[in-house]
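Chemist: Below you'll find the structure I mean.
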Amino acid sequence: MKLLFLGTAADDWYEKPEEELTDTDRRRCSMLIDGHILMDAARSSYDFARRLGVDTAKITDVVISHSHSDHLSAEALLKFRRDAGAPIHIWCHTGAVERLRLSEEEKQLFCIHPLTVGERFTVSGYSVLPLAANHGMPAPEQALHYVWSRDDTHLFYGCDGAWIMNESWRYLKDIPFDCMIWDATFGDVWDPFFRSKLGDCGHNTLSMLKLLIPMVKEHGCTKEGCIHIGDHFSRQTHEDHAGTEKILAAMGMRMAYDGMTLEL
Ligand SMILES: [Zn+2]
Ligand SMILES: [Zn+2]
């Protein structure tokens with residue numbers, strides 16, 4: 001399983017044209033699996049994929065966590081679809097189908113698969129389990145985390161969402177993960193405005209991850225050497241790139257960055 005991070009930002013990062021971005025800037029959250037499956041497709045995902053030399057004509061599937069605009073862009077979906085020249089499969093919660101921001105005519109260009117929490121589906125040989133994420137979306141949408149499994153390899157993708165919900169933990173606790181990608185939105189650089197948002201925004205802070213990671217390890221649901229990755233970083237509450245990397249390393253985690261690759 002090959003991962004390429006196309007974006008690792010929370011939605012408070014500036015959206016700049018691709019040519020103006022530096023190595024430590026972050027783009028909207030998205031990840032490419034095995035060169036042809038997208039986990040979320042944000043506005044910046046297409047341009048960055050092209051810049052990295054990804055063959056965008058090969059995209060077959062887009063799996064969507066939720067319909068917030070930092071994870072889902074109709075413009076990006078249509079660009080990938082144009083390059084693919086054939087229907088792309090879109091997988092999203094049943095309550096997100098009406099929030100794809102595609103016209104009825106545009107929807108005909110895709111194969112849209114509505115998902116239900118706890119019901120597995122198959123993408124290119126992966127068995128994928130959608131689980132409820134602790135990230136409040138207006139009804140009828142439920143934000144989703146995903147477990148990707150093939151043979152003995154298991155990946156958790158947990159953006160966006162705060163502390164794991166009880167109904168999701170019932171599934172997660174029995175899966176021997178090789179890699180877990182965590183919402184690490186909020187750092188420890190605070191001001192009262194951000195602290196006041198914490199109650200309703202549905203994201204982790206680094207302090208929460210300091211409790212979560214040992215918890216999953218102690219329950220034995222990770223393999224020895226499981227890689228824990230922080231992703232979806234806010235611009236205004238973290239240290240700079242190097243500072244955040246150091247803090248996460250001390251927590252036994254890796255910091256995701258745009259363009260990072262990983263093979264499981
Ligand atoms: Zn987000
Ligand atoms: Zn969100």
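Following the order of the structure tokens, chains are lettered A, B, ..., residues in each are numbered from 1, and ligands are numbered from 1.
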Around ligand 1, which protein and nucleic acid residues have at least one atom no more than 6 Å from it, if we count only C-alpha atoms and all ligand atoms? List them as a ChimeraX atom specification.

Modeler: /A:10-11,70,160

Chemist: Neighbours of ligand 2 within 10 Å, counting only C-alpha atoms and all ligand atoms, as a list in words?

Modeler: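 My answer, listing the contacting residues, is Ala10, Asp11, Cys29, Ser65, His66, Ser67, His68, Ser69, Asp70, His71, Leu72, His135, Gly136, Met137, Ala143, Cys159, Asp160, Gly161, Cys201, Gly202, His203 and His232 of chain A.
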
Chemist: Ranking A:Tyr46, A:Phe156, A:Tyr126, A:Trp13 by minimum distance to Ser234 of chain A and counting only C-alpha atoms, which one comes first?

Modeler: A:Trp13

Chemist: May I ask which of the residues A:Gly118, A:Gly225, A:Gly85, A:Pro140 is the closest one to Arg99 of chain A, counting only C-alpha atoms?

Modeler: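 For Arg99 of chain A, the nearest of the given residues is A:Pro140.
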
Chemist: Between atom CA of Val128 of chain A and atom CA of Met208 of chain A, what distance in Å does the model show, to one decimal?

Modeler: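 If I compute the distance from atom CA of Val128 of chain A to atom CA of Met208 of chain A, I get 26.1 Å.
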
Chemist: Please extract the residues of segment 67-225 of chain A with a backbone DSSP assignment of strand (DSSP E or B) and present them as a ChimeraX atom specification.

Modeler: /A:72,88-93,110-115,121-123,126-132,144-150,153-158,177-183,186,205,222-225

Chemist: Restricting it to C-alpha atoms, dump the selection as a PDB file, in the first residue's frame.

Modeler:
ATOM      1  CA  LEU A  72     -14.240  18.057  -0.983  1.00  0.00           C
ATOM      2  CA  ILE A  88     -14.782   7.762 -11.394  1.00  0.00           C
ATOM      3  CA  HIS A  89     -16.277   6.002  -8.382  1.00  0.00           C
ATOM      4  CA  ILE A  90     -17.211   8.348  -5.541  1.00  0.00           C
ATOM      5  CA  TRP A  91     -17.735   6.763  -2.119  1.00  0.00           C
ATOM      6  CA  CYS A  92     -19.351   8.941   0.567  1.00  0.00           C
ATOM      7  CA  HIS A  93     -21.835   8.780   3.401  1.00  0.00           C
ATOM      8  CA  PHE A 110     -19.456   9.577 -11.804  1.00  0.00           C
ATOM      9  CA  CYS A 111     -20.563   6.333 -10.155  1.00  0.00           C
ATOM     10  CA  ILE A 112     -21.729   7.506  -6.734  1.00  0.00           C
ATOM     11  CA  HIS A 113     -21.858   4.939  -3.930  1.00  0.00           C
ATOM     12  CA  PRO A 114     -23.714   6.007  -0.739  1.00  0.00           C
ATOM     13  CA  LEU A 115     -22.171   4.483   2.386  1.00  0.00           C
ATOM     14  CA  PHE A 121     -17.192  -1.989   0.704  1.00  0.00           C
ATOM     15  CA  THR A 122     -14.434  -3.014  -1.706  1.00  0.00           C
ATOM     16  CA  VAL A 123     -12.080  -0.728  -3.621  1.00  0.00           C
ATOM     17  CA  TYR A 126      -9.132  -3.340  -0.285  1.00  0.00           C
ATOM     18  CA  SER A 127     -11.900  -4.079   2.167  1.00  0.00           C
ATOM     19  CA  VAL A 128     -12.877  -0.639   3.477  1.00  0.00           C
ATOM     20  CA  LEU A 129     -14.827  -0.101   6.683  1.00  0.00           C
ATOM     21  CA  PRO A 130     -16.542   3.279   7.205  1.00  0.00           C
ATOM     22  CA  LEU A 131     -16.893   4.258  10.860  1.00  0.00           C
ATOM     23  CA  ALA A 132     -18.584   7.198  12.561  1.00  0.00           C
ATOM     24  CA  LEU A 144     -16.579   9.075   8.408  1.00  0.00           C
ATOM     25  CA  HIS A 145     -13.291   7.547   9.417  1.00  0.00           C
ATOM     26  CA  TYR A 146     -12.053   4.636   7.327  1.00  0.00           C
ATOM     27  CA  VAL A 147     -10.243   1.376   7.972  1.00  0.00           C
ATOM     28  CA  TRP A 148      -8.409   0.102   4.874  1.00  0.00           C
ATOM     29  CA  SER A 149      -7.540  -3.604   4.962  1.00  0.00           C
ATOM     30  CA  ARG A 150      -5.869  -5.924   2.476  1.00  0.00           C
ATOM     31  CA  THR A 153      -2.196  -4.783   6.271  1.00  0.00           C
ATOM     32  CA  HIS A 154      -4.517  -2.358   8.057  1.00  0.00           C
ATOM     33  CA  LEU A 155      -4.628   1.432   7.870  1.00  0.00           C
ATOM     34  CA  PHE A 156      -6.782   3.820   9.924  1.00  0.00           C
ATOM     35  CA  TYR A 157      -7.633   7.184   8.381  1.00  0.00           C
ATOM     36  CA  GLY A 158      -9.077   9.512  11.019  1.00  0.00           C
ATOM     37  CA  PHE A 177      -3.066  -1.685  12.662  1.00  0.00           C
ATOM     38  CA  ASP A 178       0.137  -1.076  10.719  1.00  0.00           C
ATOM     39  CA  CYS A 179      -0.518   2.640  10.499  1.00  0.00           C
ATOM     40  CA  MET A 180      -2.961   5.107  12.065  1.00  0.00           C
ATOM     41  CA  ILE A 181      -3.454   8.600  10.653  1.00  0.00           C
ATOM     42  CA  TRP A 182      -4.820  10.956  13.280  1.00  0.00           C
ATOM     43  CA  ASP A 183      -6.511  14.331  13.216  1.00  0.00           C
ATOM     44  CA  PHE A 186      -4.876  21.825  17.218  1.00  0.00           C
ATOM     45  CA  THR A 205      -5.481  18.644  20.166  1.00  0.00           C
ATOM     46  CA  THR A 222      -1.722  -1.922  16.927  1.00  0.00           C
ATOM     47  CA  LYS A 223       1.106  -4.066  15.619  1.00  0.00           C
ATOM     48  CA  GLU A 224       4.581  -3.694  17.035  1.00  0.00           C
ATOM     49  CA  GLY A 225       6.071  -0.766  15.124  1.00  0.00           C
TER      50      GLY A 225
END

Chemist: Please return, as an mmCIF file with C-alpha atoms, in the first residue's frame, all residues of segment 42-257 of chain A that DSSP assigns to alpha helix (DSSP H) on the basis of the backbone.

Modeler:
data_model
loop_
_atom_site.group_PDB
_atom_site.id
_atom_site.type_symbol
_atom_site.label_atom_id
_atom_site.label_comp_id
_atom_site.auth_asym_id
_atom_site.auth_seq_id
_atom_site.Cartn_x
_atom_site.Cartn_y
_atom_site.Cartn_z
ATOM 1 C CA ARG A 43 -9.336 22.250 -4.438
ATOM 2 C CA SER A 44 -5.527 22.122 -4.196
ATOM 3 C CA SER A 45 -5.281 18.343 -4.682
ATOM 4 C CA TYR A 46 -5.399 18.346 -8.464
ATOM 5 C CA ASP A 47 -2.728 21.009 -9.053
ATOM 6 C CA PHE A 48 -0.355 19.480 -6.487
ATOM 7 C CA ALA A 49 -0.851 15.977 -7.900
ATOM 8 C CA ARG A 50 0.087 17.318 -11.340
ATOM 9 C CA ARG A 51 3.124 19.137 -9.915
ATOM 10 C CA ALA A 74 -16.496 19.624 -7.053
ATOM 11 C CA GLU A 75 -13.994 21.530 -9.196
ATOM 12 C CA ALA A 76 -11.269 19.007 -8.315
ATOM 13 C CA LEU A 77 -13.597 16.042 -8.870
ATOM 14 C CA LEU A 78 -14.433 17.333 -12.345
ATOM 15 C CA LYS A 79 -10.763 17.902 -13.244
ATOM 16 C CA PHE A 80 -9.827 14.362 -12.226
ATOM 17 C CA ARG A 81 -12.864 13.043 -14.105
ATOM 18 C CA ARG A 82 -11.889 14.978 -17.239
ATOM 19 C CA ASP A 83 -8.389 13.464 -17.186
ATOM 20 C CA ALA A 84 -9.680 9.948 -16.429
ATOM 21 C CA GLU A 104 -27.515 16.487 -11.621
ATOM 22 C CA GLU A 105 -25.868 16.464 -15.046
ATOM 23 C CA GLU A 106 -22.356 16.375 -13.549
ATOM 24 C CA LYS A 107 -23.333 13.534 -11.212
ATOM 25 C CA ASN A 166 -17.715 4.486 21.444
ATOM 26 C CA GLU A 167 -19.512 2.789 18.526
ATOM 27 C CA SER A 168 -16.346 3.093 16.386
ATOM 28 C CA TRP A 169 -13.988 1.930 19.112
ATOM 29 C CA ARG A 170 -15.901 -1.383 19.205
ATOM 30 C CA TYR A 171 -14.558 -2.073 15.688
ATOM 31 C CA LEU A 172 -11.121 -0.481 16.027
ATOM 32 C CA PRO A 192 -8.869 32.340 23.825
ATOM 33 C CA PHE A 193 -10.617 32.467 20.453
ATOM 34 C CA PHE A 194 -9.393 29.007 19.453
ATOM 35 C CA ARG A 195 -9.954 27.582 22.888
ATOM 36 C CA SER A 196 -13.566 28.741 22.711
ATOM 37 C CA LYS A 197 -14.013 26.866 19.419
ATOM 38 C CA LEU A 198 -12.752 23.575 20.814
ATOM 39 C CA GLY A 199 -16.066 22.478 22.291
ATOM 40 C CA ASP A 200 -17.937 22.246 19.007
ATOM 41 C CA CYS A 201 -15.378 21.776 16.275
ATOM 42 C CA LEU A 206 -1.942 17.392 20.785
ATOM 43 C CA SER A 207 -2.883 16.949 24.445
ATOM 44 C CA MET A 208 -5.710 14.607 23.414
ATOM 45 C CA LEU A 209 -3.352 12.597 21.196
ATOM 46 C CA LYS A 210 -0.957 12.226 24.120
ATOM 47 C CA LEU A 211 -3.739 10.216 25.771
ATOM 48 C CA LEU A 212 -5.137 8.499 22.674
ATOM 49 C CA ILE A 213 -1.952 6.948 21.285
ATOM 50 C CA PRO A 214 -0.959 5.145 24.526
ATOM 51 C CA MET A 215 -4.597 4.050 24.871
ATOM 52 C CA VAL A 216 -4.683 2.268 21.504
ATOM 53 C CA LYS A 217 -1.261 0.741 22.181
ATOM 54 C CA GLU A 218 -2.308 -0.548 25.600
ATOM 55 C CA HIS A 241 7.167 22.914 10.639
ATOM 56 C CA ALA A 242 10.352 21.828 12.442
ATOM 57 C CA GLY A 243 8.920 22.588 15.887
ATOM 58 C CA THR A 244 5.792 20.508 15.267
ATOM 59 C CA GLU A 245 7.859 17.633 13.905
ATOM 60 C CA LYS A 246 9.939 17.626 17.084
ATOM 61 C CA ILE A 247 6.898 17.686 19.379
ATOM 62 C CA LEU A 248 5.262 14.792 17.528
ATOM 63 C CA ALA A 249 8.496 12.775 17.502
ATOM 64 C CA ALA A 250 8.594 13.059 21.286
#

Chemist: Env of segment 254-264 of chain A: 7 Å cut, atoms = only C-alpha atoms, seq-sep filter 5 positions within chain, self excluded. Answer as a list in words.

Modeler: Met1, Lys2, Leu3, Leu4, Phe5, Leu6, Gly7, Thr8, Arg26, Arg27, His228, Ile229, Gly230, Asp231, Glu245, Leu248 and Ala249 of chain A

Chemist: Take the residues just selected and output them with N, CA and C atoms as a tab-separated table (two decimals), in the first residue's frame.

Modeler:
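again.tsv was written with the following content:
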chain	number	residue	atom	x	y	z
A	1	MET	N	0.86	-1.19	0.00
A	1	MET	CA	0.00	0.00	0.00
A	1	MET	C	0.90	1.24	0.00
A	2	LYS	N	0.75	2.05	-1.06
A	2	LYS	CA	1.59	3.24	-1.17
A	2	LYS	C	0.77	4.50	-0.92
A	3	LEU	N	1.23	5.32	0.01
A	3	LEU	CA	0.51	6.55	0.34
A	3	LEU	C	1.30	7.77	-0.12
A	4	LEU	N	0.59	8.74	-0.67
A	4	LEU	CA	1.19	10.02	-1.03
A	4	LEU	C	0.27	11.12	-0.48
A	5	PHE	N	0.81	11.93	0.43
A	5	PHE	CA	-0.01	12.99	1.04
A	5	PHE	C	-0.05	14.20	0.11
A	6	LEU	N	-1.25	14.51	-0.36
A	6	LEU	CA	-1.43	15.64	-1.28
A	6	LEU	C	-1.80	16.93	-0.55
A	7	GLY	N	-2.10	16.81	0.73
A	7	GLY	CA	-2.44	17.98	1.53
A	7	GLY	C	-2.59	17.56	2.98
A	8	THR	N	-2.16	18.43	3.90
A	8	THR	CA	-2.13	18.06	5.32
A	8	THR	C	-2.62	19.21	6.21
A	26	ARG	N	1.07	24.24	3.76
A	26	ARG	CA	0.21	23.05	3.69
A	26	ARG	C	-0.99	23.33	2.80
A	27	ARG	N	-1.38	22.29	2.07
A	27	ARG	CA	-2.57	22.36	1.21
A	27	ARG	C	-3.73	21.64	1.89
A	228	HIS	N	2.22	5.92	13.79
A	228	HIS	CA	1.17	6.90	14.11
A	228	HIS	C	1.53	8.23	13.46
A	229	ILE	N	0.62	8.73	12.65
A	229	ILE	CA	0.89	9.95	11.90
A	229	ILE	C	-0.10	11.04	12.29
A	230	GLY	N	0.41	12.23	12.57
A	230	GLY	CA	-0.45	13.40	12.79
A	230	GLY	C	-0.70	14.07	11.45
A	231	ASP	N	-1.94	14.50	11.22
A	231	ASP	CA	-2.33	15.08	9.93
A	231	ASP	C	-3.34	16.21	10.21
A	245	GLU	N	7.27	18.95	14.16
A	245	GLU	CA	7.86	17.63	13.91
A	245	GLU	C	8.54	17.10	15.17
A	248	LEU	N	5.90	16.07	17.86
A	248	LEU	CA	5.26	14.79	17.53
A	248	LEU	C	6.24	13.62	17.71
A	249	ALA	N	7.50	13.84	17.34
A	249	ALA	CA	8.50	12.77	17.50
A	249	ALA	C	8.60	12.37	18.97

Chemist: Check the smallest atom-to-atom distance from each of A:Asp34, A:Met251, A:His219, A:Thr185 to Ala9 of chain A using only C-alpha atoms, then report the winner.

Modeler: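 When distances to Ala9 of chain A are compared using only C-alpha atoms, the smallest one comes from A:Thr185.
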